[in-house]
Amino acid sequence: MSRSSSGFVAGLTALAVAAVGFLAYQASANMPADLAAPGRPGASASAAPAPKEKKKDAYPVPAASGTGPRVVYALKAKRVWLVGEEGQKPRTFPVMPSTVSPPPATYQVTSRSGSVTGSDGVDIEHVVRFTSVDQVAIGFSAAVDGTMATPDPNLRTGGVRMTPADGDVMWKFATLGSNVVVVP
C-alpha cells in the first residue's frame with residue numbers, strides 16, 4: 001500500500017467511527033424516557049421505577065406446619081425450614097434423612113450436644129434432638145467433615161444431616177423447648 005492510500009484508509013476509518021458515535025448519541029438522546037437508563041440522555045428524573053415483581057418462593061413453608069417460631073422438617077421433601085417471628089423470611093435448606101424417621105407431629109427440642117460421635121461412627125456437631133423412635137434418638141446434626149452421605153440402610157440411625165453452615169444456624173435457632181414440626 002502506498003502512503004497516500006494508507007492515509008486515505010485511515011481517514012475513512014476515522015470518519016466511520018465518528019459517524020457511528022454520532023448515530024449512537026442521536027439514538028440515545030431520542031430514546032423514550034421509560035426505556036432510557038437513569039442518568040443517560042433522554043432519561044426522565046420523574047420517571048417512576050418499574051415495580052419489582054415478587055419472586056415466587058421456590059420452597060414455601062408447608063401450609064400444614066402450624067404457626068409461630070418453629071423448625072419444620074418435611075420428610076418427603078428432605079428439607080428443613082427455620083421459621084422465625086412473623087415478618088422474618090424463613091431459612092430453608094436440604095437435609096439427608098436418617099434410616100429411622102419420626103411420625104408427623106409436633107415435638108420440642110429435648111437435648112443438644114455441641115459435638116459427639118453419631119450412631120453411624122461419624123463425628124458430628126450441633127446436635128439438636130427432639131424425639132426418639134424405638135429407642136433411636138432423632139435429631140438434626142452436621143458431620144464435622146461436611147458430608148451429607150446417604151446413611152447405611154443396615155444401621156438404625158436417627159441423625160438428620162445438614163451442612164456445617166446450616167448446622168450453625170440450626171444450633172442458634174433451635175434451643176431447648178423450641179417447636180419442631182414434622183410433616184409428611
# chains A, B, ... in the order shown; residues from 1 in each chain; ligands from 1
call {"tool": "residues_around", "arguments": {"residues": "Val80 (chain A)", "least_positions_apart": "4", "cutoff": "9 Å", "atoms": "only C-alpha atoms", "output": "count of residues only"}}
result
11
call {"tool": "residues_around", "arguments": {"residues": "Gly158 (chain A)", "least_positions_apart": "4", "cutoff": "10 Å", "atoms": "only C-alpha atoms", "output": "PDB file with N, CA and C atoms, in the first residue's frame"}}
result
ATOM      1  N   PRO A  97     -32.040 -37.375  55.338  1.00  0.00           N
ATOM      2  CA  PRO A  97     -32.734 -38.095  56.416  1.00  0.00           C
ATOM      3  C   PRO A  97     -31.950 -39.314  56.893  1.00  0.00           C
ATOM      4  N   SER A  98     -32.258 -39.720  58.093  1.00  0.00           N
ATOM      5  CA  SER A  98     -31.660 -40.917  58.672  1.00  0.00           C
ATOM      6  C   SER A  98     -32.472 -42.136  58.246  1.00  0.00           C
ATOM      7  N   THR A  99     -32.072 -43.304  58.725  1.00  0.00           N
ATOM      8  CA  THR A  99     -32.813 -44.525  58.373  1.00  0.00           C
ATOM      9  C   THR A  99     -34.086 -44.681  59.200  1.00  0.00           C
ATOM     10  N   VAL A 100     -34.147 -44.001  60.338  1.00  0.00           N
ATOM     11  CA  VAL A 100     -35.345 -44.033  61.186  1.00  0.00           C
ATOM     12  C   VAL A 100     -35.911 -42.617  61.208  1.00  0.00           C
ATOM     13  N   SER A 101     -37.184 -42.479  60.833  1.00  0.00           N
ATOM     14  CA  SER A 101     -37.814 -41.159  60.793  1.00  0.00           C
ATOM     15  C   SER A 101     -38.948 -41.074  61.801  1.00  0.00           C
ATOM     16  N   PRO A 102     -39.172 -39.897  62.345  1.00  0.00           N
ATOM     17  CA  PRO A 102     -40.280 -39.725  63.291  1.00  0.00           C
ATOM     18  C   PRO A 102     -41.598 -39.607  62.538  1.00  0.00           C
ATOM     19  N   GLY A 118     -21.673 -39.746  66.125  1.00  0.00           N
ATOM     20  CA  GLY A 118     -23.007 -40.240  65.800  1.00  0.00           C
ATOM     21  C   GLY A 118     -23.098 -41.759  65.882  1.00  0.00           C
ATOM     22  N   SER A 119     -24.304 -42.291  65.881  1.00  0.00           N
ATOM     23  CA  SER A 119     -24.509 -43.735  65.957  1.00  0.00           C
ATOM     24  C   SER A 119     -23.946 -44.460  64.735  1.00  0.00           C
ATOM     25  N   ASP A 120     -23.627 -43.711  63.688  1.00  0.00           N
ATOM     26  CA  ASP A 120     -23.013 -44.302  62.499  1.00  0.00           C
ATOM     27  C   ASP A 120     -21.492 -44.194  62.522  1.00  0.00           C
ATOM     28  N   ARG A 129     -31.661 -32.654  69.376  1.00  0.00           N
ATOM     29  CA  ARG A 129     -32.550 -33.822  69.447  1.00  0.00           C
ATOM     30  C   ARG A 129     -33.963 -33.385  69.830  1.00  0.00           C
ATOM     31  N   THR A 131     -36.869 -36.092  69.573  1.00  0.00           N
ATOM     32  CA  THR A 131     -37.714 -37.249  69.907  1.00  0.00           C
ATOM     33  C   THR A 131     -36.886 -38.520  69.793  1.00  0.00           C
ATOM     34  N   SER A 132     -37.518 -39.643  70.048  1.00  0.00           N
ATOM     35  CA  SER A 132     -36.898 -40.949  69.788  1.00  0.00           C
ATOM     36  C   SER A 132     -37.975 -41.878  69.252  1.00  0.00           C
ATOM     37  N   VAL A 133     -37.536 -42.820  68.447  1.00  0.00           N
ATOM     38  CA  VAL A 133     -38.431 -43.816  67.853  1.00  0.00           C
ATOM     39  C   VAL A 133     -37.801 -45.182  68.107  1.00  0.00           C
ATOM     40  N   GLN A 135     -36.283 -46.440  70.653  1.00  0.00           N
ATOM     41  CA  GLN A 135     -35.006 -46.250  71.322  1.00  0.00           C
ATOM     42  C   GLN A 135     -33.901 -45.685  70.413  1.00  0.00           C
ATOM     43  N   VAL A 136     -34.290 -45.086  69.274  1.00  0.00           N
ATOM     44  CA  VAL A 136     -33.332 -44.402  68.399  1.00  0.00           C
ATOM     45  C   VAL A 136     -33.584 -42.903  68.537  1.00  0.00           C
ATOM     46  N   ALA A 137     -32.575 -42.170  69.027  1.00  0.00           N
ATOM     47  CA  ALA A 137     -32.713 -40.715  69.181  1.00  0.00           C
ATOM     48  C   ALA A 137     -32.779 -40.066  67.802  1.00  0.00           C
ATOM     49  N   ILE A 138     -33.744 -39.148  67.640  1.00  0.00           N
ATOM     50  CA  ILE A 138     -33.930 -38.432  66.376  1.00  0.00           C
ATOM     51  C   ILE A 138     -33.552 -36.971  66.588  1.00  0.00           C
ATOM     52  N   GLY A 139     -32.713 -36.457  65.704  1.00  0.00           N
ATOM     53  CA  GLY A 139     -32.312 -35.064  65.812  1.00  0.00           C
ATOM     54  C   GLY A 139     -31.544 -34.603  64.588  1.00  0.00           C
ATOM     55  N   PHE A 140     -31.260 -33.325  64.566  1.00  0.00           N
ATOM     56  CA  PHE A 140     -30.524 -32.698  63.477  1.00  0.00           C
ATOM     57  C   PHE A 140     -29.053 -32.603  63.870  1.00  0.00           C
ATOM     58  N   SER A 141     -28.168 -32.739  62.889  1.00  0.00           N
ATOM     59  CA  SER A 141     -26.740 -32.608  63.156  1.00  0.00           C
ATOM     60  C   SER A 141     -25.998 -32.350  61.856  1.00  0.00           C
ATOM     61  N   PRO A 151     -27.289 -42.525  54.512  1.00  0.00           N
ATOM     62  CA  PRO A 151     -26.945 -43.428  55.606  1.00  0.00           C
ATOM     63  C   PRO A 151     -26.978 -44.904  55.184  1.00  0.00           C
TER      64      PRO A 151
END
call {"tool": "closest_residue", "arguments": {"among": "A:Thr106, A:Met96, A:Lys172, A:Thr157", "to": "Ser65 (chain A)", "atoms": "only C-alpha atoms"}}
result
A:Thr106
call {"tool": "closest_residue", "arguments": {"among": "A:Val116, A:Tyr59, A:Gln108, A:Pro184", "to": "Lys89 (chain A)", "atoms": "only C-alpha atoms"}}
result
A:Tyr59
call {"tool": "select_by_dssp", "arguments": {"residues": "region 71-163 of chain A", "states": "strand (DSSP E or B)", "output": "ChimeraX atom specification"}}
result
/A:71-74,79-83,91-94,96,105-108,111-117,123-133,136-143,159-162
call {"tool": "residues_around", "arguments": {"residues": "region 122-125 of chain A", "least_positions_apart": "6", "cutoff": "10 Å", "atoms": "only C-alpha atoms", "output": "list in words"}}
result
Arg112, Ser113, Gly114, Ser115, Val116, Phe140, Ser141, Ala142, Ala143, Val144, Asp145, Gly146, Thr147, Gly159, Arg161, Pro164, Gly167, Asp168 and Trp171 of chain A
call {"tool": "write_last_selection", "arguments": {"atoms": "N, CA and C atoms", "output": "short mmCIF file (atom, residue, chain, number, x, y, z; two decimals), in the first residue's frame"}}
result
data_model
loop_
_atom_site.label_atom_id
_atom_site.label_comp_id
_atom_site.auth_asym_id
_atom_site.auth_seq_id
_atom_site.Cartn_x
_atom_site.Cartn_y
_atom_site.Cartn_z
N ARG A 112 -29.42 -31.09 73.50
CA ARG A 112 -28.48 -30.60 72.49
C ARG A 112 -27.07 -31.01 72.90
N SER A 113 -26.22 -31.24 71.92
CA SER A 113 -24.81 -31.55 72.18
C SER A 113 -23.97 -30.79 71.18
N GLY A 114 -22.90 -30.17 71.68
CA GLY A 114 -22.01 -29.41 70.81
C GLY A 114 -21.29 -30.28 69.80
N SER A 115 -20.73 -31.40 70.27
CA SER A 115 -20.07 -32.34 69.37
C SER A 115 -20.01 -33.71 70.03
N VAL A 116 -20.30 -34.73 69.22
CA VAL A 116 -20.30 -36.13 69.66
C VAL A 116 -19.98 -37.00 68.45
N PHE A 140 -31.26 -33.32 64.57
CA PHE A 140 -30.52 -32.70 63.48
C PHE A 140 -29.05 -32.60 63.87
N SER A 141 -28.17 -32.74 62.89
CA SER A 141 -26.74 -32.61 63.16
C SER A 141 -26.00 -32.35 61.86
N ALA A 142 -24.74 -31.96 62.00
CA ALA A 142 -23.87 -31.75 60.84
C ALA A 142 -22.61 -32.57 61.04
N ALA A 143 -22.21 -33.30 60.01
CA ALA A 143 -20.94 -34.03 60.07
C ALA A 143 -19.81 -33.01 60.07
N VAL A 144 -18.85 -33.19 60.95
CA VAL A 144 -17.73 -32.26 61.06
C VAL A 144 -17.00 -32.14 59.72
N ASP A 145 -16.92 -33.24 58.97
CA ASP A 145 -16.22 -33.20 57.68
C ASP A 145 -17.07 -32.61 56.55
N GLY A 146 -18.31 -32.20 56.86
CA GLY A 146 -19.17 -31.53 55.88
C GLY A 146 -19.94 -32.46 54.96
N THR A 147 -19.80 -33.76 55.11
CA THR A 147 -20.51 -34.69 54.22
C THR A 147 -21.97 -34.84 54.63
N GLY A 159 -30.04 -39.52 62.91
CA GLY A 159 -29.45 -38.21 62.64
C GLY A 159 -29.88 -37.67 61.28
N ARG A 161 -28.99 -35.16 58.75
CA ARG A 161 -27.75 -34.42 58.50
C ARG A 161 -27.95 -33.19 57.63
N PRO A 164 -22.41 -28.06 57.61
CA PRO A 164 -21.97 -27.36 58.82
C PRO A 164 -22.52 -25.93 58.92
N GLY A 167 -25.98 -26.26 59.99
CA GLY A 167 -25.93 -26.73 61.39
C GLY A 167 -25.68 -25.59 62.36
N ASP A 168 -24.82 -24.65 61.97
CA ASP A 168 -24.54 -23.48 62.82
C ASP A 168 -25.82 -22.68 63.05
N TRP A 171 -28.29 -24.59 65.24
CA TRP A 171 -27.84 -24.57 66.63
C TRP A 171 -28.27 -23.28 67.34
#
call {"tool": "atom_distance", "arguments": {"atom1": "CA of Tyr107 (chain A)", "atom2": "CA of Pro90 (chain A)"}}
result
19.0 Å
call {"tool": "atom_distance", "arguments": {"atom1": "CA of Val182 (chain A)", "atom2": "CA of Asp152 (chain A)"}}
result
22.4 Å
